[in-house]
Amino acid sequence: MGQLLRASTIFLLTFLFACAQIQVPVTKEEKIEAQVEIAVQEWKSWYNDYRRVAPIVYRILRALASTDSIKEEIKKPSKNIGWDDGVRRIELKGQNTIDHKALEIIAKRKLPDNGYLLIPLPTMPAESAIRPWTWVKEFKFSEKDHIFTYITEDEEIEVPAEGFPIWIRFFVSRLREINAYAAQDKNGYFIVIHRGICQFLPDDNQLAFVIGHEMAHILRGHLGKVKGVNLLAGILGLSVAIFVSPDLGNIIYGGIMAKYSKGQEKEADFFGLCFTHLAGYDIEIASKAFITLGSSAPPSELEQFFSTHPYDAERRAYLKKVVKWIKEGKTWHHIIEEIKGERS
């Protein structure tokens, strides 16, 4: 019996070793074809994430603009109205060969090396005016009429823009990292949501809290108070993000722009949940976003996010208090006064 077992073991190991040595030849063309197939899915998934994030951002911005009480507690990012038609433009210039081929498959047409592919976002004027993945040669914006004009091979498509009194630009990164951050460049303030956040926060209430939290860093003026921030390096990172490689730029920028104090994080938690509440989301569910991330995402992928968004039992207890305060109608000013009274 022992000899039979040894013989079977030797046969099995020999068989496995032989299989491991077998290499199925893959041609360069086959490998490129597989890379393009993967890229097609990546672009489509990225667009789906954009379509999920956009309505949440617009909903919060509209709620802020229509709520007088909150305006006294936030710092407007700009005196000017932000005009947005709900179109995101993919610049073809600079795309690598794999991504260019993938975009041709999605657009169902041969694409030149220049121009833009348009992706319309939900709840905005562009959704009914533009077909997803439409190619245009160029576009322009009328400051007078607040209309974007997109020029194709055959026609000019006019899309009216919506004006946002409180305006924060937003981007969805193609990176799969679990991260989100707020930043500033020469064109103003913006937030970036990485795709990993969308993947591991399937509930829109919780995604809204993360978005609201990053908005709060901007609307409470935290970016101007962050110590040790290299703004020049950040702006250089953003230029890479937009014009060359979004993924590389986000890595550079994200590593620079996310060092807030404990007090600023608490403020951002309060106002992030407050914005979420004003937009009509369930803040009981929203406040558990970090729990959802911690229980569903791989620990290795959470390291960077929790290094810039520390989370422990103390913060969870604080978030539960915030939910209670907001439902009681308390403002941040009232809460600070209460805390001061308790300490004295």
# chains A, B, ... in the order shown; residues from 1 in each chain; ligands from 1
>>> closest_atom_pairs(of="segment 53-147 of chain A", to="segment 279-288 of chain A", cutoff="9 Å", atoms="only C-alpha atoms", output="tab-separated table")
residue	atom	partner	partner_atom	distance
A:Ile56	CA	A:Ala279	CA	8.4
A:Arg59	CA	A:Ala279	CA	5.9
A:Ile60	CA	A:Ala279	CA	5.1
A:Leu61	CA	A:Ala279	CA	8.3
A:Arg62	CA	A:Ala279	CA	7.9
A:Ala63	CA	A:Ala279	CA	5.3
A:Leu64	CA	A:Ala279	CA	8.0
>>> residues_around(residues="segment 212-221 of chain A", least_positions_apart="2", cutoff="7 Å", atoms="only C-alpha atoms", output="list of chain:residue names")
A:Ile74, A:Lys75, A:Lys76, A:Pro77, A:Tyr181, A:Ala182, A:Ile191, A:Ala208, A:Phe209, A:Val210, A:Leu223, A:Gly224, A:Ala268, A:Asp269, A:Phe271, A:Gly272, A:Leu273, A:Phe275, A:Thr276
>>> write_last_selection(atoms="C-alpha atoms", output="PDB file, in the first residue's frame")
ATOM      1  CA  ILE A  74     -19.274  77.418   3.706  1.00  0.00           C
ATOM      2  CA  LYS A  75     -16.706  79.309   1.709  1.00  0.00           C
ATOM      3  CA  LYS A  76     -17.665  79.650  -1.948  1.00  0.00           C
ATOM      4  CA  PRO A  77     -14.881  78.246  -4.148  1.00  0.00           C
ATOM      5  CA  TYR A 181      -9.200  63.635  -2.656  1.00  0.00           C
ATOM      6  CA  ALA A 182      -9.756  67.368  -3.110  1.00  0.00           C
ATOM      7  CA  ILE A 191     -12.308  66.519  -6.463  1.00  0.00           C
ATOM      8  CA  ALA A 208     -22.371  60.442  -1.557  1.00  0.00           C
ATOM      9  CA  PHE A 209     -20.750  60.797   1.872  1.00  0.00           C
ATOM     10  CA  VAL A 210     -17.247  60.266   0.464  1.00  0.00           C
ATOM     11  CA  LEU A 223      -6.867  73.344   1.266  1.00  0.00           C
ATOM     12  CA  GLY A 224      -5.440  76.757   2.048  1.00  0.00           C
ATOM     13  CA  ALA A 268     -15.222  67.413   6.744  1.00  0.00           C
ATOM     14  CA  ASP A 269     -17.100  64.475   8.281  1.00  0.00           C
ATOM     15  CA  PHE A 271     -20.263  68.851   6.584  1.00  0.00           C
ATOM     16  CA  GLY A 272     -19.902  65.840   4.289  1.00  0.00           C
ATOM     17  CA  LEU A 273     -22.831  64.165   6.062  1.00  0.00           C
ATOM     18  CA  PHE A 275     -24.325  67.917   2.366  1.00  0.00           C
ATOM     19  CA  THR A 276     -25.386  64.299   1.922  1.00  0.00           C
TER      20      THR A 276
END
>>> residues_around(residues="Tyr150 of chain A", least_positions_apart="6", cutoff="8 Å", atoms="only C-alpha atoms", output="JSON, numbers by chain")
{"A": [136, 137, 138, 139, 140, 156, 157, 158]}
>>> select_by_dssp(residues="segment 38-242 of chain A", states="alpha helix (DSSP H)", output="VMD selection string")
chain A and resid 38 to 65 68 to 71 97 to 107 126 to 129 195 to 200 204 to 219 231 to 242
>>> write_last_selection(atoms="C-alpha atoms", output="PDB file, in the first residue's frame")
ATOM      1  CA  ILE A  38      -9.131  44.420 -21.664  1.00  0.00           C
ATOM      2  CA  ALA A  39      -8.854  48.147 -22.447  1.00  0.00           C
ATOM      3  CA  VAL A  40     -12.342  48.164 -23.973  1.00  0.00           C
ATOM      4  CA  GLN A  41     -13.790  46.819 -20.743  1.00  0.00           C
ATOM      5  CA  GLU A  42     -11.735  49.279 -18.674  1.00  0.00           C
ATOM      6  CA  TRP A  43     -13.034  52.283 -20.644  1.00  0.00           C
ATOM      7  CA  LYS A  44     -16.630  51.074 -20.457  1.00  0.00           C
ATOM      8  CA  SER A  45     -16.388  50.444 -16.717  1.00  0.00           C
ATOM      9  CA  TRP A  46     -14.835  53.868 -16.197  1.00  0.00           C
ATOM     10  CA  TYR A  47     -17.733  55.493 -18.054  1.00  0.00           C
ATOM     11  CA  ASN A  48     -20.247  53.547 -15.951  1.00  0.00           C
ATOM     12  CA  ASP A  49     -18.520  54.803 -12.795  1.00  0.00           C
ATOM     13  CA  TYR A  50     -18.651  58.356 -14.161  1.00  0.00           C
ATOM     14  CA  ARG A  51     -22.371  57.927 -14.805  1.00  0.00           C
ATOM     15  CA  ARG A  52     -22.819  56.893 -11.187  1.00  0.00           C
ATOM     16  CA  VAL A  53     -20.678  59.619  -9.614  1.00  0.00           C
ATOM     17  CA  ALA A  54     -21.978  62.525 -11.718  1.00  0.00           C
ATOM     18  CA  PRO A  55     -25.642  62.547 -10.582  1.00  0.00           C
ATOM     19  CA  ILE A  56     -24.505  62.449  -6.942  1.00  0.00           C
ATOM     20  CA  VAL A  57     -22.169  65.426  -7.413  1.00  0.00           C
ATOM     21  CA  TYR A  58     -24.776  67.454  -9.309  1.00  0.00           C
ATOM     22  CA  ARG A  59     -27.447  66.597  -6.747  1.00  0.00           C
ATOM     23  CA  ILE A  60     -25.272  67.833  -3.868  1.00  0.00           C
ATOM     24  CA  LEU A  61     -24.277  71.019  -5.703  1.00  0.00           C
ATOM     25  CA  ARG A  62     -27.901  71.813  -6.508  1.00  0.00           C
ATOM     26  CA  ALA A  63     -28.910  71.192  -2.890  1.00  0.00           C
ATOM     27  CA  LEU A  64     -26.192  73.532  -1.615  1.00  0.00           C
ATOM     28  CA  ALA A  65     -27.248  76.277  -4.014  1.00  0.00           C
ATOM     29  CA  ASP A  68     -29.706  79.399   2.399  1.00  0.00           C
ATOM     30  CA  SER A  69     -28.812  78.173   5.887  1.00  0.00           C
ATOM     31  CA  ILE A  70     -25.757  76.236   4.716  1.00  0.00           C
ATOM     32  CA  LYS A  71     -24.378  79.145   2.692  1.00  0.00           C
ATOM     33  CA  THR A  97      -2.009  52.492 -29.412  1.00  0.00           C
ATOM     34  CA  ILE A  98      -3.935  50.051 -27.210  1.00  0.00           C
ATOM     35  CA  ASP A  99      -6.326  52.680 -25.853  1.00  0.00           C
ATOM     36  CA  HIS A 100      -6.807  54.204 -29.303  1.00  0.00           C
ATOM     37  CA  LYS A 101      -7.801  50.825 -30.742  1.00  0.00           C
ATOM     38  CA  ALA A 102     -10.096  50.189 -27.783  1.00  0.00           C
ATOM     39  CA  LEU A 103     -11.825  53.543 -28.242  1.00  0.00           C
ATOM     40  CA  GLU A 104     -12.331  52.767 -31.940  1.00  0.00           C
ATOM     41  CA  ILE A 105     -14.119  49.549 -31.003  1.00  0.00           C
ATOM     42  CA  ILE A 106     -16.338  51.364 -28.502  1.00  0.00           C
ATOM     43  CA  ALA A 107     -17.082  54.249 -30.870  1.00  0.00           C
ATOM     44  CA  ALA A 126     -26.071  66.731 -22.756  1.00  0.00           C
ATOM     45  CA  GLU A 127     -27.759  63.441 -21.919  1.00  0.00           C
ATOM     46  CA  SER A 128     -30.533  63.985 -24.463  1.00  0.00           C
ATOM     47  CA  ALA A 129     -28.424  65.889 -26.999  1.00  0.00           C
ATOM     48  CA  ARG A 195     -12.664  53.760  -9.394  1.00  0.00           C
ATOM     49  CA  GLY A 196     -11.833  51.570  -6.407  1.00  0.00           C
ATOM     50  CA  ILE A 197     -14.149  53.714  -4.255  1.00  0.00           C
ATOM     51  CA  CYS A 198     -17.023  53.044  -6.657  1.00  0.00           C
ATOM     52  CA  GLN A 199     -16.298  49.325  -6.700  1.00  0.00           C
ATOM     53  CA  PHE A 200     -16.229  48.815  -2.942  1.00  0.00           C
ATOM     54  CA  ASP A 204     -25.020  55.530  -3.382  1.00  0.00           C
ATOM     55  CA  ASN A 205     -25.691  56.909   0.103  1.00  0.00           C
ATOM     56  CA  GLN A 206     -22.185  55.940   1.166  1.00  0.00           C
ATOM     57  CA  LEU A 207     -20.584  57.106  -2.059  1.00  0.00           C
ATOM     58  CA  ALA A 208     -22.371  60.442  -1.557  1.00  0.00           C
ATOM     59  CA  PHE A 209     -20.750  60.797   1.872  1.00  0.00           C
ATOM     60  CA  VAL A 210     -17.247  60.266   0.464  1.00  0.00           C
ATOM     61  CA  ILE A 211     -17.965  62.842  -2.246  1.00  0.00           C
ATOM     62  CA  GLY A 212     -19.491  65.250   0.280  1.00  0.00           C
ATOM     63  CA  HIS A 213     -16.501  64.790   2.596  1.00  0.00           C
ATOM     64  CA  GLU A 214     -14.051  65.834  -0.136  1.00  0.00           C
ATOM     65  CA  MET A 215     -16.282  68.767  -1.105  1.00  0.00           C
ATOM     66  CA  ALA A 216     -16.279  69.847   2.534  1.00  0.00           C
ATOM     67  CA  HIS A 217     -12.495  70.143   2.542  1.00  0.00           C
ATOM     68  CA  ILE A 218     -12.890  72.707  -0.237  1.00  0.00           C
ATOM     69  CA  LEU A 219     -15.973  74.506   1.056  1.00  0.00           C
ATOM     70  CA  LEU A 231       1.293  73.369  -4.634  1.00  0.00           C
ATOM     71  CA  LEU A 232       3.669  73.694  -7.588  1.00  0.00           C
ATOM     72  CA  ALA A 233       4.340  69.968  -7.602  1.00  0.00           C
ATOM     73  CA  GLY A 234       0.603  69.397  -7.315  1.00  0.00           C
ATOM     74  CA  ILE A 235      -0.157  71.587 -10.309  1.00  0.00           C
ATOM     75  CA  LEU A 236       2.555  69.838 -12.297  1.00  0.00           C
ATOM     76  CA  GLY A 237       0.982  66.538 -11.332  1.00  0.00           C
ATOM     77  CA  LEU A 238      -2.405  67.760 -12.522  1.00  0.00           C
ATOM     78  CA  SER A 239      -1.006  68.828 -15.870  1.00  0.00           C
ATOM     79  CA  VAL A 240       0.239  65.275 -16.301  1.00  0.00           C
ATOM     80  CA  ALA A 241      -3.162  63.993 -15.186  1.00  0.00           C
ATOM     81  CA  ILE A 242      -5.141  65.898 -17.772  1.00  0.00           C
TER      82      ILE A 242
END
>>> select_by_dssp(residues="segment 28-121 of chain A", states="strand (DSSP E)", output="list in words")
Gly82, Trp83, Asp84, Val87, Arg88, Arg89, Ile90, Glu91, Tyr116, Leu117, Leu118, Ile119 and Pro120 of chain A
>>> atom_distance(atom1="atom CA of Gln184 of chain A", atom2="atom CA of Ser78 of chain A")
11.8 Å
>>> closest_residue(among="A:Lys144, A:Cys274, A:Lys31, A:Gly294", to="Lys324 of chain A", atoms="only C-alpha atoms")
A:Cys274
>>> atom_distance(atom1="atom CA of Lys28 of chain A", atom2="atom CA of Trp133 of chain A")
28.4 Å
>>> decode(residues="segment 50-124 of chain A", atoms="C-alpha atoms", output="tab-separated table (two decimals), in the first residue's frame")
chain	number	residue	atom	x	y	z
A	50	TYR	CA	-18.65	58.36	-14.16
A	51	ARG	CA	-22.37	57.93	-14.81
A	52	ARG	CA	-22.82	56.89	-11.19
A	53	VAL	CA	-20.68	59.62	-9.61
A	54	ALA	CA	-21.98	62.52	-11.72
A	55	PRO	CA	-25.64	62.55	-10.58
A	56	ILE	CA	-24.50	62.45	-6.94
A	57	VAL	CA	-22.17	65.43	-7.41
A	58	TYR	CA	-24.78	67.45	-9.31
A	59	ARG	CA	-27.45	66.60	-6.75
A	60	ILE	CA	-25.27	67.83	-3.87
A	61	LEU	CA	-24.28	71.02	-5.70
A	62	ARG	CA	-27.90	71.81	-6.51
A	63	ALA	CA	-28.91	71.19	-2.89
A	64	LEU	CA	-26.19	73.53	-1.62
A	65	ALA	CA	-27.25	76.28	-4.01
A	66	SER	CA	-30.87	76.08	-2.86
A	67	THR	CA	-30.23	75.95	0.91
A	68	ASP	CA	-29.71	79.40	2.40
A	69	SER	CA	-28.81	78.17	5.89
A	70	ILE	CA	-25.76	76.24	4.72
A	71	LYS	CA	-24.38	79.15	2.69
A	72	GLU	CA	-23.41	80.93	5.90
A	73	GLU	CA	-21.15	78.05	6.92
A	74	ILE	CA	-19.27	77.42	3.71
A	75	LYS	CA	-16.71	79.31	1.71
A	76	LYS	CA	-17.66	79.65	-1.95
A	77	PRO	CA	-14.88	78.25	-4.15
A	78	SER	CA	-15.36	81.09	-6.63
A	79	LYS	CA	-17.36	84.27	-7.10
A	80	ASN	CA	-18.20	83.14	-10.61
A	81	ILE	CA	-20.93	80.73	-11.64
A	82	GLY	CA	-19.65	77.39	-12.91
A	83	TRP	CA	-21.13	76.42	-16.27
A	84	ASP	CA	-21.33	72.73	-17.11
A	85	ASP	CA	-23.22	70.92	-19.87
A	86	GLY	CA	-22.58	67.45	-18.50
A	87	VAL	CA	-20.07	66.38	-21.15
A	88	ARG	CA	-16.68	64.85	-20.46
A	89	ARG	CA	-14.25	64.91	-23.34
A	90	ILE	CA	-11.64	62.24	-24.03
A	91	GLU	CA	-8.80	63.84	-25.96
A	92	LEU	CA	-7.47	61.46	-28.59
A	93	LYS	CA	-4.12	63.19	-28.95
A	94	GLY	CA	-1.61	61.37	-26.80
A	95	GLN	CA	-3.59	58.16	-26.37
A	96	ASN	CA	-1.43	55.05	-26.66
A	97	THR	CA	-2.01	52.49	-29.41
A	98	ILE	CA	-3.94	50.05	-27.21
A	99	ASP	CA	-6.33	52.68	-25.85
A	100	HIS	CA	-6.81	54.20	-29.30
A	101	LYS	CA	-7.80	50.83	-30.74
A	102	ALA	CA	-10.10	50.19	-27.78
A	103	LEU	CA	-11.83	53.54	-28.24
A	104	GLU	CA	-12.33	52.77	-31.94
A	105	ILE	CA	-14.12	49.55	-31.00
A	106	ILE	CA	-16.34	51.36	-28.50
A	107	ALA	CA	-17.08	54.25	-30.87
A	108	LYS	CA	-17.67	51.77	-33.72
A	109	ARG	CA	-15.65	53.82	-36.18
A	110	LYS	CA	-12.14	54.62	-37.33
A	111	LEU	CA	-10.77	57.46	-35.23
A	112	PRO	CA	-8.20	60.08	-36.23
A	113	ASP	CA	-5.28	60.98	-33.99
A	114	ASN	CA	-6.91	64.25	-32.96
A	115	GLY	CA	-10.29	65.42	-31.75
A	116	TYR	CA	-12.42	64.24	-28.85
A	117	LEU	CA	-14.82	61.50	-27.87
A	118	LEU	CA	-17.77	62.79	-25.87
A	119	ILE	CA	-19.45	61.06	-22.96
A	120	PRO	CA	-22.69	62.69	-21.73
A	121	LEU	CA	-23.56	62.46	-18.04
A	122	PRO	CA	-26.98	61.81	-16.44
A	123	THR	CA	-29.28	64.58	-15.18
A	124	MET	CA	-27.58	67.14	-17.44
